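Participant: Sharing upload27.cif (mmCIF, C-alpha atoms) below.
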data_my_file
#
loop_
_atom_site.group_PDB
_atom_site.id
_atom_site.type_symbol
_atom_site.label_atom_id
_atom_site.label_comp_id
_atom_site.auth_asym_id
_atom_site.auth_seq_id
_atom_site.Cartn_x
_atom_site.Cartn_y
_atom_site.Cartn_z
ATOM 1 C CA MET A 224 237.100 231.792 0.991
ATOM 2 C CA VAL A 225 240.165 232.927 -1.015
ATOM 3 C CA ASN A 226 238.511 236.339 -1.372
ATOM 4 C CA ALA A 227 237.960 236.460 2.390
ATOM 5 C CA LEU A 228 241.634 235.658 2.998
ATOM 6 C CA ILE A 229 242.919 238.224 0.484
ATOM 7 C CA GLY A 230 240.475 240.909 1.623
ATOM 8 C CA GLY A 231 241.169 240.265 5.297
ATOM 9 C CA SER A 232 244.922 240.456 4.700
ATOM 10 C CA LEU A 233 244.465 243.808 2.948
ATOM 11 C CA ILE A 234 242.488 245.098 5.942
ATOM 12 C CA GLY A 235 245.327 243.942 8.214
ATOM 13 C CA LEU A 236 247.852 245.632 5.923
ATOM 14 C CA ALA A 237 245.812 248.856 6.078
ATOM 15 C CA ALA A 238 246.017 248.771 9.889
ATOM 16 C CA VAL A 239 249.797 248.260 9.671
ATOM 17 C CA LEU A 240 250.245 251.156 7.211
ATOM 18 C CA LEU A 241 248.393 253.582 9.486
ATOM 19 C CA PHE A 242 250.245 252.421 12.589
ATOM 20 C CA ALA A 243 253.744 252.200 11.093
ATOM 21 C CA GLY A 244 253.218 255.430 9.149
ATOM 22 C CA ILE A 245 251.633 257.783 11.681
ATOM 23 C CA GLY A 246 251.191 255.663 14.807
ATOM 24 C CA ARG A 247 247.387 255.641 14.661
ATOM 25 C CA ILE A 248 244.837 252.873 15.207
ATOM 26 C CA ALA A 249 242.708 252.097 12.122
ATOM 27 C CA GLY A 250 239.339 252.123 13.868
ATOM 28 C CA ILE A 251 236.654 253.354 11.502
ATOM 29 C CA SER A 252 234.182 254.533 14.165
ATOM 30 C CA GLY A 253 236.918 256.543 15.906
ATOM 31 C CA ILE A 254 238.195 258.014 12.639
ATOM 32 C CA SER A 255 234.697 258.945 11.443
ATOM 33 C CA ALA A 256 234.126 260.793 14.753
ATOM 34 C CA THR A 257 237.552 262.497 14.558
ATOM 35 C CA VAL A 258 236.750 263.928 11.140
ATOM 36 C CA PHE A 259 233.941 266.037 12.665
ATOM 37 C CA LYS A 260 236.062 267.459 15.513
ATOM 38 C CA ARG A 261 238.200 270.556 15.092
ATOM 39 C CA SER A 262 241.726 269.327 15.748
ATOM 40 C CA THR A 263 245.024 268.668 14.026
ATOM 41 C CA ASP A 264 243.862 265.052 13.572
ATOM 42 C CA GLN A 265 241.105 266.137 11.200
ATOM 43 C CA ARG A 266 243.413 266.105 8.173
ATOM 44 C CA TRP A 267 244.663 262.537 8.372
ATOM 45 C CA ALA A 268 241.209 261.276 9.367
ATOM 46 C CA LEU A 269 239.685 262.921 6.290
ATOM 47 C CA ALA A 270 242.473 261.562 4.069
ATOM 48 C CA PHE A 271 241.811 258.044 5.401
ATOM 49 C CA LEU A 272 238.074 258.286 4.730
ATOM 50 C CA ILE A 273 238.627 259.664 1.206
ATOM 51 C CA GLY A 274 240.989 256.763 0.482
ATOM 52 C CA LEU A 275 238.438 254.305 1.891
ATOM 53 C CA MET A 276 235.548 255.660 -0.202
ATOM 54 C CA VAL A 277 237.395 256.195 -3.492
ATOM 55 C CA SER A 278 239.045 252.787 -3.347
ATOM 56 C CA GLY A 279 235.760 251.144 -2.322
ATOM 57 C CA ILE A 280 233.971 252.658 -5.331
ATOM 58 C CA LEU A 281 236.801 251.768 -7.763
ATOM 59 C CA VAL A 282 237.314 248.179 -6.586
ATOM 60 C CA GLY A 283 233.542 247.627 -6.448
ATOM 61 C CA TRP A 284 233.308 248.806 -10.053
ATOM 62 C CA LEU A 285 236.261 246.640 -11.151
ATOM 63 C CA LEU A 286 234.757 243.541 -9.504
ATOM 64 C CA ASP A 287 231.308 244.429 -10.886
ATOM 65 C CA LYS A 288 229.651 244.537 -7.447
ATOM 66 C CA GLN A 289 226.137 245.907 -7.852
ATOM 67 C CA PRO A 290 225.029 248.388 -5.180
ATOM 68 C CA LEU A 291 221.368 247.974 -4.192
ATOM 69 C CA ARG A 292 219.341 250.854 -5.638
ATOM 70 C CA ASP A 293 215.824 249.455 -5.181
ATOM 71 C CA LEU A 294 214.322 250.953 -2.036
ATOM 72 C CA SER A 295 211.324 248.575 -2.101
ATOM 73 C CA ALA A 296 213.640 245.648 -1.262
ATOM 74 C CA VAL A 297 214.811 247.356 1.945
ATOM 75 C CA ASN A 298 213.524 247.073 5.520
ATOM 76 C CA VAL A 299 213.910 250.769 6.352
ATOM 77 C CA PRO A 300 212.881 250.741 10.072
ATOM 78 C CA ILE A 301 215.298 247.892 10.878
ATOM 79 C CA LEU A 302 218.162 249.709 9.091
ATOM 80 C CA LEU A 303 217.395 252.985 10.886
ATOM 81 C CA LEU A 304 217.278 251.269 14.276
ATOM 82 C CA GLY A 305 220.473 249.351 13.469
ATOM 83 C CA GLY A 306 222.277 252.536 12.423
ATOM 84 C CA LEU A 307 221.248 254.422 15.576
ATOM 85 C CA LEU A 308 222.383 251.578 17.836
ATOM 86 C CA VAL A 309 225.708 251.145 16.003
ATOM 87 C CA GLY A 310 226.265 254.925 16.197
ATOM 88 C CA VAL A 311 225.685 255.082 19.953
ATOM 89 C CA GLY A 312 227.263 251.708 20.757
ATOM 90 C CA THR A 313 230.548 252.235 18.924
ATOM 91 C CA ARG A 314 231.084 255.607 20.633
ATOM 92 C CA LEU A 315 230.104 254.307 24.063
ATOM 93 C CA GLY A 316 232.238 251.177 23.653
ATOM 94 C CA SER A 317 235.149 253.104 22.065
ATOM 95 C CA GLY A 318 235.356 251.069 18.882
ATOM 96 C CA CYS A 319 233.869 248.770 16.288
ATOM 97 C CA THR A 320 234.869 245.715 14.248
ATOM 98 C CA SER A 321 238.041 247.422 13.003
ATOM 99 C CA GLY A 322 239.244 249.216 16.153
ATOM 100 C CA HIS A 323 238.519 246.389 18.604
ATOM 101 C CA GLY A 324 238.082 243.367 16.317
ATOM 102 C CA VAL A 325 241.183 243.838 14.156
ATOM 103 C CA CYS A 326 243.585 246.374 15.722
ATOM 104 C CA GLY A 327 242.741 245.683 19.362
ATOM 105 C CA LEU A 328 243.064 241.907 19.031
ATOM 106 C CA ALA A 329 246.339 242.354 17.110
ATOM 107 C CA ARG A 330 247.600 244.523 20.012
ATOM 108 C CA ARG A 331 246.436 241.805 22.457
ATOM 109 C CA SER A 332 244.296 244.347 24.312
ATOM 110 C CA PRO A 333 242.080 242.687 26.982
ATOM 111 C CA ARG A 334 239.488 245.476 26.540
ATOM 112 C CA SER A 335 239.250 244.771 22.818
ATOM 113 C CA LEU A 336 239.013 241.007 23.375
ATOM 114 C CA VAL A 337 236.072 241.517 25.741
ATOM 115 C CA ALA A 338 234.420 244.039 23.393
ATOM 116 C CA THR A 339 234.873 241.745 20.357
ATOM 117 C CA LEU A 340 233.479 238.667 22.097
ATOM 118 C CA THR A 341 230.553 240.799 23.308
ATOM 119 C CA PHE A 342 229.551 242.285 19.947
ATOM 120 C CA LEU A 343 230.086 238.980 18.133
ATOM 121 C CA SER A 344 227.888 237.003 20.541
ATOM 122 C CA VAL A 345 225.193 239.691 20.857
ATOM 123 C CA GLY A 346 225.219 240.211 17.065
ATOM 124 C CA MET A 347 224.812 236.470 16.487
ATOM 125 C CA ALA A 348 222.003 236.177 19.037
ATOM 126 C CA CYS A 349 220.207 239.158 17.536
ATOM 127 C CA ALA A 350 220.544 238.147 13.856
ATOM 128 C CA THR A 351 219.575 234.541 14.631
ATOM 129 C CA ALA A 352 216.524 235.631 16.656
ATOM 130 C CA LEU A 353 215.439 238.059 13.915
ATOM 131 C CA ALA A 354 215.763 235.364 11.215
ATOM 132 C CA TYR A 355 213.795 232.925 13.377
ATOM 133 C CA LEU A 356 211.016 235.469 14.008
ATOM 134 C CA GLY A 357 210.975 236.321 10.298
ATOM 135 C CA ASN A 358 210.440 232.663 9.440
ATOM 136 C CA GLN A 359 207.560 232.411 11.910
ATOM 137 C CA LEU A 360 205.638 235.346 10.427
ATOM 138 C CA MET B 220 256.030 260.253 2.746
ATOM 139 C CA LYS B 221 253.778 262.876 4.375
ATOM 140 C CA PRO B 222 251.323 261.843 7.127
ATOM 141 C CA ILE B 223 248.198 262.356 5.014
ATOM 142 C CA PHE B 224 249.572 260.054 2.293
ATOM 143 C CA TRP B 225 250.008 257.243 4.833
ATOM 144 C CA ALA B 226 246.386 257.809 5.887
ATOM 145 C CA LEU B 227 245.170 257.940 2.272
ATOM 146 C CA LEU B 228 247.050 254.732 1.400
ATOM 147 C CA SER B 229 245.782 252.958 4.510
ATOM 148 C CA GLY B 230 242.188 253.991 3.789
ATOM 149 C CA ALA B 231 242.501 252.832 0.163
ATOM 150 C CA CYS B 232 243.903 249.472 1.276
ATOM 151 C CA PHE B 233 241.098 249.118 3.826
ATOM 152 C CA GLY B 234 238.391 249.911 1.258
ATOM 153 C CA ALA B 235 239.813 247.407 -1.248
ATOM 154 C CA GLY B 236 239.964 244.757 1.481
ATOM 155 C CA LEU B 237 236.344 245.304 2.527
ATOM 156 C CA VAL B 238 235.044 245.044 -1.048
ATOM 157 C CA ILE B 239 237.217 242.059 -2.084
ATOM 158 C CA SER B 240 236.323 240.134 1.088
ATOM 159 C CA GLY B 241 232.589 240.648 0.462
ATOM 160 C CA MET B 242 232.077 242.458 3.779
ATOM 161 C CA THR B 243 230.412 245.433 2.055
ATOM 162 C CA ASP B 244 227.419 243.153 1.402
ATOM 163 C CA PRO B 245 225.256 243.081 4.574
ATOM 164 C CA GLU B 246 223.752 239.763 3.416
ATOM 165 C CA VAL B 247 227.201 238.123 3.708
ATOM 166 C CA VAL B 248 227.653 239.573 7.209
ATOM 167 C CA LEU B 249 224.154 238.455 8.269
ATOM 168 C CA ALA B 250 224.859 234.981 6.841
ATOM 169 C CA PHE B 251 227.716 234.796 9.361
ATOM 170 C CA LEU B 252 225.770 236.270 12.287
ATOM 171 C CA THR B 253 222.705 234.080 11.640
ATOM 172 C CA LEU B 254 223.308 230.589 12.986
ATOM 173 C CA ASP B 255 221.290 228.390 10.647
ATOM 174 C CA ALA B 256 221.761 225.788 7.900
ATOM 175 C CA SER B 257 223.185 228.369 5.449
ATOM 176 C CA TRP B 258 225.829 229.709 7.901
ATOM 177 C CA ASN B 259 228.702 231.432 6.074
ATOM 178 C CA PRO B 260 232.024 231.601 7.991
ATOM 179 C CA ALA B 261 233.534 234.287 5.657
ATOM 180 C CA LEU B 262 233.536 237.052 8.304
ATOM 181 C CA ILE B 263 235.646 235.112 10.786
ATOM 182 C CA VAL B 264 238.149 234.258 8.016
ATOM 183 C CA VAL B 265 238.366 237.972 7.129
ATOM 184 C CA MET B 266 238.792 239.035 10.750
ATOM 185 C CA GLY B 267 241.279 236.240 11.465
ATOM 186 C CA SER B 268 243.526 236.989 8.500
ATOM 187 C CA ALA B 269 243.390 240.729 9.262
ATOM 188 C CA VAL B 270 244.414 240.100 12.886
ATOM 189 C CA VAL B 271 247.340 237.846 11.860
ATOM 190 C CA VAL B 272 248.697 240.377 9.338
ATOM 191 C CA ALA B 273 248.164 243.303 11.740
ATOM 192 C CA SER B 274 249.853 241.616 14.716
ATOM 193 C CA LEU B 275 252.918 240.751 12.606
ATOM 194 C CA GLY B 276 253.011 244.297 11.201
ATOM 195 C CA PHE B 277 252.530 245.964 14.587
ATOM 196 C CA ALA B 278 255.443 243.935 15.989
ATOM 197 C CA PHE B 279 257.571 245.092 13.053
ATOM 198 C CA ALA B 280 256.491 248.718 13.561
ATOM 199 C CA HIS B 281 257.357 248.545 17.270
ATOM 200 C CA ARG B 282 260.976 247.758 16.414
ATOM 201 C CA ARG B 283 261.245 251.437 15.506
ATOM 202 C CA GLU B 284 261.361 254.229 18.078
ATOM 203 C CA ALA B 285 258.590 256.114 16.288
ATOM 204 C CA PRO B 286 256.355 255.833 13.202
ATOM 205 C CA PHE B 287 257.770 256.877 9.819
ATOM 206 C CA ALA B 288 255.846 260.164 9.675
ATOM 207 C CA ASP B 289 254.923 261.047 13.274
ATOM 208 C CA PRO B 290 256.979 261.717 16.421
ATOM 209 C CA GLU B 291 255.209 259.001 18.448
ATOM 210 C CA PHE B 292 252.857 256.013 18.509
ATOM 211 C CA HIS B 293 249.351 256.977 19.665
ATOM 212 C CA GLU B 294 248.215 253.783 21.371
ATOM 213 C CA PRO B 295 245.114 253.523 23.555
ATOM 214 C CA THR B 296 245.969 253.704 27.239
ATOM 215 C CA ALA B 297 242.667 252.615 28.841
ATOM 216 C CA SER B 298 242.889 249.199 30.457
ATOM 217 C CA SER B 299 239.813 248.915 32.694
ATOM 218 C CA LEU B 300 236.993 246.558 31.760
ATOM 219 C CA ASP B 301 234.154 248.895 32.665
ATOM 220 C CA ALA B 302 230.392 248.923 32.173
ATOM 221 C CA ARG B 303 230.657 251.460 29.363
ATOM 222 C CA LEU B 304 232.792 249.129 27.275
ATOM 223 C CA LEU B 305 230.393 246.202 27.762
ATOM 224 C CA LEU B 306 227.235 248.254 27.276
ATOM 225 C CA GLY B 307 228.686 249.947 24.173
ATOM 226 C CA ALA B 308 229.851 246.679 22.610
ATOM 227 C CA ALA B 309 226.491 245.020 23.339
ATOM 228 C CA THR B 310 224.562 247.975 21.856
ATOM 229 C CA PHE B 311 226.772 247.852 18.776
ATOM 230 C CA GLY B 312 226.166 244.083 18.575
ATOM 231 C CA VAL B 313 222.386 244.549 18.508
ATOM 232 C CA GLY B 314 222.590 247.153 15.727
ATOM 233 C CA TRP B 315 225.048 245.017 13.770
ATOM 234 C CA GLY B 316 222.885 241.901 14.119
ATOM 235 C CA LEU B 317 219.781 243.799 12.968
ATOM 236 C CA SER B 318 221.338 245.511 9.954
ATOM 237 C CA GLY B 319 224.424 243.535 8.893
ATOM 238 C CA TYR B 320 226.347 246.820 8.818
ATOM 239 C CA CYS B 321 229.272 248.097 10.839
ATOM 240 C CA PRO B 322 230.794 251.551 10.149
ATOM 241 C CA GLY B 323 233.429 250.647 7.493
ATOM 242 C CA PRO B 324 231.177 248.766 5.046
ATOM 243 C CA ALA B 325 228.445 251.389 5.567
ATOM 244 C CA ILE B 326 230.787 254.230 4.538
ATOM 245 C CA VAL B 327 231.979 252.322 1.438
ATOM 246 C CA GLY B 328 228.396 251.326 0.575
ATOM 247 C CA ALA B 329 227.091 254.876 0.981
ATOM 248 C CA ALA B 330 229.892 256.184 -1.269
ATOM 249 C CA SER B 331 228.757 253.630 -3.873
ATOM 250 C CA ILE B 332 225.140 254.931 -3.518
ATOM 251 C CA ASP B 333 223.743 251.688 -2.078
ATOM 252 C CA VAL B 334 220.358 252.645 -0.584
ATOM 253 C CA ARG B 335 220.737 250.290 2.407
ATOM 254 C CA ALA B 336 224.103 251.806 3.334
ATOM 255 C CA LEU B 337 222.821 255.378 2.885
ATOM 256 C CA ILE B 338 219.878 254.804 5.234
ATOM 257 C CA PHE B 339 222.078 253.023 7.786
ATOM 258 C CA LEU B 340 224.833 255.664 7.648
ATOM 259 C CA ALA B 341 222.373 258.550 8.144
ATOM 260 C CA ALA B 342 221.034 256.896 11.314
ATOM 261 C CA TYR B 343 224.586 255.979 12.397
ATOM 262 C CA LEU B 344 225.693 259.627 12.187
ATOM 263 C CA VAL B 345 222.615 260.715 14.182
ATOM 264 C CA GLY B 346 223.426 258.081 16.844
ATOM 265 C CA SER B 347 227.078 259.149 17.082
ATOM 266 C CA ALA B 348 226.127 262.838 17.266
ATOM 267 C CA ALA B 349 223.527 262.116 19.955
ATOM 268 C CA TYR B 350 226.184 260.344 22.007
ATOM 269 C CA GLU B 351 228.659 263.239 21.584
ATOM 270 C CA TRP B 352 225.923 265.678 22.613
ATOM 271 C CA TRP B 353 225.095 263.605 25.693
ATOM 272 C CA LEU B 354 228.784 263.382 26.586
ATOM 273 C CA SER B 355 229.293 267.154 26.402
ATOM 274 C CA ASN B 356 226.126 267.833 28.450
ATOM 275 C CA ALA B 357 226.424 265.067 31.036
ATOM 276 C CA GLN B 358 226.970 266.163 34.632
ATOM 277 C CA PRO B 359 230.476 265.052 35.653
ATOM 278 C CA ASP B 360 229.347 264.266 39.218
ATOM 279 C CA LEU B 361 226.553 262.010 37.969
ATOM 280 C CA THR B 362 228.753 260.095 35.554
ATOM 281 C CA PRO B 363 232.078 259.194 37.144
ATOM 282 C CA GLY B 364 234.758 257.926 34.812
ATOM 283 C CA ILE B 365 233.367 259.745 31.788
ATOM 284 C CA ALA B 366 236.376 261.978 31.294
ATOM 285 C CA MET B 367 238.824 259.103 31.454
ATOM 286 C CA SER B 368 236.865 256.878 29.118
ATOM 287 C CA ALA B 369 236.174 259.755 26.759
ATOM 288 C CA GLY B 370 239.901 260.269 26.419
ATOM 289 C CA ALA B 371 240.282 256.606 25.614
ATOM 290 C CA SER B 372 237.424 256.594 23.146
ATOM 291 C CA ALA B 373 239.481 258.142 20.372
ATOM 292 C CA GLY B 374 242.214 255.642 21.119
ATOM 293 C CA ASP B 375 240.622 252.221 20.899
ATOM 294 C CA GLY B 376 239.337 252.893 17.464
#
Since I need it in another form, could you write the structure as structure tokens?

Facilitator:
Amino acid sequence: MVNALIGGSLIGLAAVLLFAGIGRIAGISGISATVFKRSTDQRWALAFLIGLMVSGILVGWLLDKQPLRDLSAVNVPILLLGGLLVGVGTRLGSGCTSGHGVCGLARRSPRSLVATLTFLSVGMACATALAYLGNQL
Amino acid sequence: MKPIFWALLSGACFGAGLVISGMTDPEVVLAFLTLDASWNPALIVVMGSAVVVASLGFAFAHRREAPFADPEFHEPTASSLDARLLLGAATFGVGWGLSGYCPGPAIVGAASIDVRALIFLAAYLVGSAAYEWWLSNAQPDLTPGIAMSAGASAGDG
């Protein structure tokens, strides 16, 4: 749980750095869409994503986290369906765990509170149902 | 400090936080979302501590007239609780509950060449692109409120 506290605080700090520095909301789904659109925002969005990836690789290596490389241990159809739904849903709902769940709640946005409660409860219902069905098969 | 360095530093801090907290492992996320005997509360601790730090920091930032490296704060302006928000959040919830991935951990995982994250991220990008395509081809008269919400979409996150 100490790791969760430290990691969570760093995520909060990241949101503060982006907001205090350039006045932007650290929402990953929004930033990853911005990077594909021709605009003056493309530069900072790309810089953010490069920082995210390089730091993720380095810290993962330092902490000896092993990425999964064995494709046979993966449920490919479920991952593909999940990815499609997260791609559509985060654009339609204007945000994900970071934009609504962290930044939006910190800004006390009613929209983000509703969105966060929605994706948390639906996510829990879905994961719990899938685990239950998996145990039955 | 130049704008892109703030963004680079923020991204680096975010990536470190995701890895240290264990959120880049979809099994840890699914252990939170799956309500059973082996329930793991880590995700809510991560989200809670991030929200506390961010709300304190945002309050501090708001004491200034403007950010350090930009003329103004770019805060979301949308305030309506519409069907799009609910439908989008619910759709995201289903995908998250199936896969254990949300966009941040998937990007970090894909950069680390984790096969699960690579497969998820490819489908995620297709889903996002399909939505953008639909948005740019939708008839305005058939879909009231699109323009307003589209403007807000970059804002919320």

Participant: Could you work out how far atom CA of B:Phe251 lies from atom CA of A:Asp287, giving the answer in Å with one decimal?

Facilitator: 22.7 Å

Participant: Report, in Å with one decimal, the straight-line distance from atom CA of A:Arg314 to atom CA of B:Phe292.

Facilitator: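 We find that atom CA of A:Arg314 and atom CA of B:Phe292 lie 21.9 Å from each other.
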
Participant: Name all residues at most 8 Å from stretch 341-349 of chain B (count all atoms listed in the file; drop same-chain ones fewer than 2 positions away) and give them as a PyMOL selection string.

Facilitator: (chain A and resi 256+303-311+313-314) or (chain B and resi 322+337-339+351-353)

Participant: Run through the PyMOL selection byres ((chain A and resi 283) around 10) on the given coordinates and return the selected residues as a PyMOL selection string.

Facilitator: (chain A and resi 277-282+284-290) or (chain B and resi 234-235+237-239+241+243+327-328+331)

Participant: Can you tell me how far atom CA of A:Gly250 sits from atom CA of B:Val264, in Å to one decimal?

Facilitator: 18.8 Å

Participant: Kindly resolve the PyMOL selection byres ((chain B and resi 231) around 8) on the present coordinates and return the residues as an NGL selection string.

Facilitator: (:A and (237 or 271 or 273-279)) or (:B and (227-230 or 232-235))

Participant: Return the single residue from B:Ala309, B:Ser268, B:Ala278, B:Ser298 that is closest to A:Val225, with distances computed using only C-alpha atoms.

Facilitator: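 So, comparing all the options, the nearest one is B:Ser268.
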
Participant: Nearest residue to A:Cys326 out of A:Val299, A:Leu294, A:Val258, A:Ile251, using all atoms listed in the file?

Facilitator: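 Under the stated criterion, the closest residue is A:Ile251.
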
Participant: List the neighbours of A:Gly327 out to 12 Å using only C-alpha atoms; skip same-chain residues closer than 3 positions along the sequence, and give me the result as a PyMOL selection string.

Facilitator: (chain A and resi 235+238+247-250+317-324+330-340) or (chain B and resi 266+269-271+273-274+277+294-298+374-376)

Participant: On this file, the PyMOL selection byres ((chain B and resi 315-321) around 7) gives some set of residues; write that set as a VMD selection string.

Facilitator: (chain A and resid 301 to 302 305 309 320 346 to 347 349 to 350) or (chain B and resid 245 to 246 248 to 249 252 311 to 314 322 to 325)

Participant: Choose the residue, out of B:Ile263, B:Asp289, B:Ala336, B:Met220, that has the smallest atom-to-atom separation from chain A; count all atoms listed in the file.

Facilitator: B:Asp289

Participant: Using all atoms listed in the file, determine which residues lie at most 9 Å from A:Asp293, disregarding the query and same-chain residues fewer than 4 positions distant; provide the list as a PDB file with C-alpha atoms, in the coordinates of the input.

Facilitator:
ATOM      1  CA  VAL A 297     214.811 247.356   1.945  1.00  0.00           C
TER       2      VAL A 297
ATOM      3  CA  ASP B 333     223.743 251.688  -2.078  1.00  0.00           C
ATOM      4  CA  VAL B 334     220.358 252.645  -0.584  1.00  0.00           C
TER       5      VAL B 334
END

Participant: Taking into account all atoms listed in the file, which residue in the set B:Val247, B:Leu275, B:Ala256, B:Ala280 is nearest to chain A?

Facilitator: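 The closest residue to chain A is B:Ala280.
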
Participant: From the options B:Thr253, B:Asp244, B:Val265, B:Leu340, which residue's atoms come nearest to A:Asn226, counting only C-alpha atoms?

Facilitator: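 The closest residue to A:Asn226 is B:Val265.
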
Participant: Could you give me stretch 302-316 of chain B completed to N, CA and C atoms, formatted as a compact mmCIF listing (two decimals), keeping the file's coordinate frame?

Facilitator:
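Contents of the output file rebuild.txt:
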# COMPACT_ATOMS: atom_id res chain seq x y z
N ALA B 302 231.76 249.14 32.66
CA ALA B 302 230.39 248.92 32.17
C ALA B 302 230.17 249.59 30.82
N ARG B 303 230.82 250.74 30.64
CA ARG B 303 230.66 251.46 29.36
C ARG B 303 231.10 250.61 28.19
N LEU B 304 232.25 249.96 28.35
CA LEU B 304 232.79 249.13 27.28
C LEU B 304 231.81 248.01 26.93
N LEU B 305 231.31 247.33 27.98
CA LEU B 305 230.39 246.20 27.76
C LEU B 305 229.07 246.65 27.17
N LEU B 306 228.51 247.75 27.75
CA LEU B 306 227.24 248.25 27.28
C LEU B 306 227.36 248.75 25.82
N GLY B 307 228.46 249.44 25.53
CA GLY B 307 228.69 249.95 24.17
C GLY B 307 228.83 248.81 23.17
N ALA B 308 229.64 247.81 23.53
CA ALA B 308 229.85 246.68 22.61
C ALA B 308 228.56 245.90 22.40
N ALA B 309 227.76 245.74 23.46
CA ALA B 309 226.49 245.02 23.34
C ALA B 309 225.50 245.80 22.47
N THR B 310 225.45 247.13 22.66
CA THR B 310 224.56 247.98 21.86
C THR B 310 224.97 247.91 20.38
N PHE B 311 226.27 247.99 20.14
CA PHE B 311 226.77 247.85 18.78
C PHE B 311 226.38 246.49 18.21
N GLY B 312 226.50 245.43 19.03
CA GLY B 312 226.17 244.08 18.58
C GLY B 312 224.71 243.96 18.13
N VAL B 313 223.81 244.59 18.88
CA VAL B 313 222.39 244.55 18.51
C VAL B 313 222.18 245.23 17.15
N GLY B 314 222.74 246.42 16.99
CA GLY B 314 222.59 247.15 15.73
C GLY B 314 223.21 246.42 14.55
N TRP B 315 224.34 245.78 14.80
CA TRP B 315 225.05 245.02 13.77
C TRP B 315 224.23 243.78 13.36
N GLY B 316 223.68 243.10 14.37
CA GLY B 316 222.88 241.90 14.12
C GLY B 316 221.57 242.21 13.40
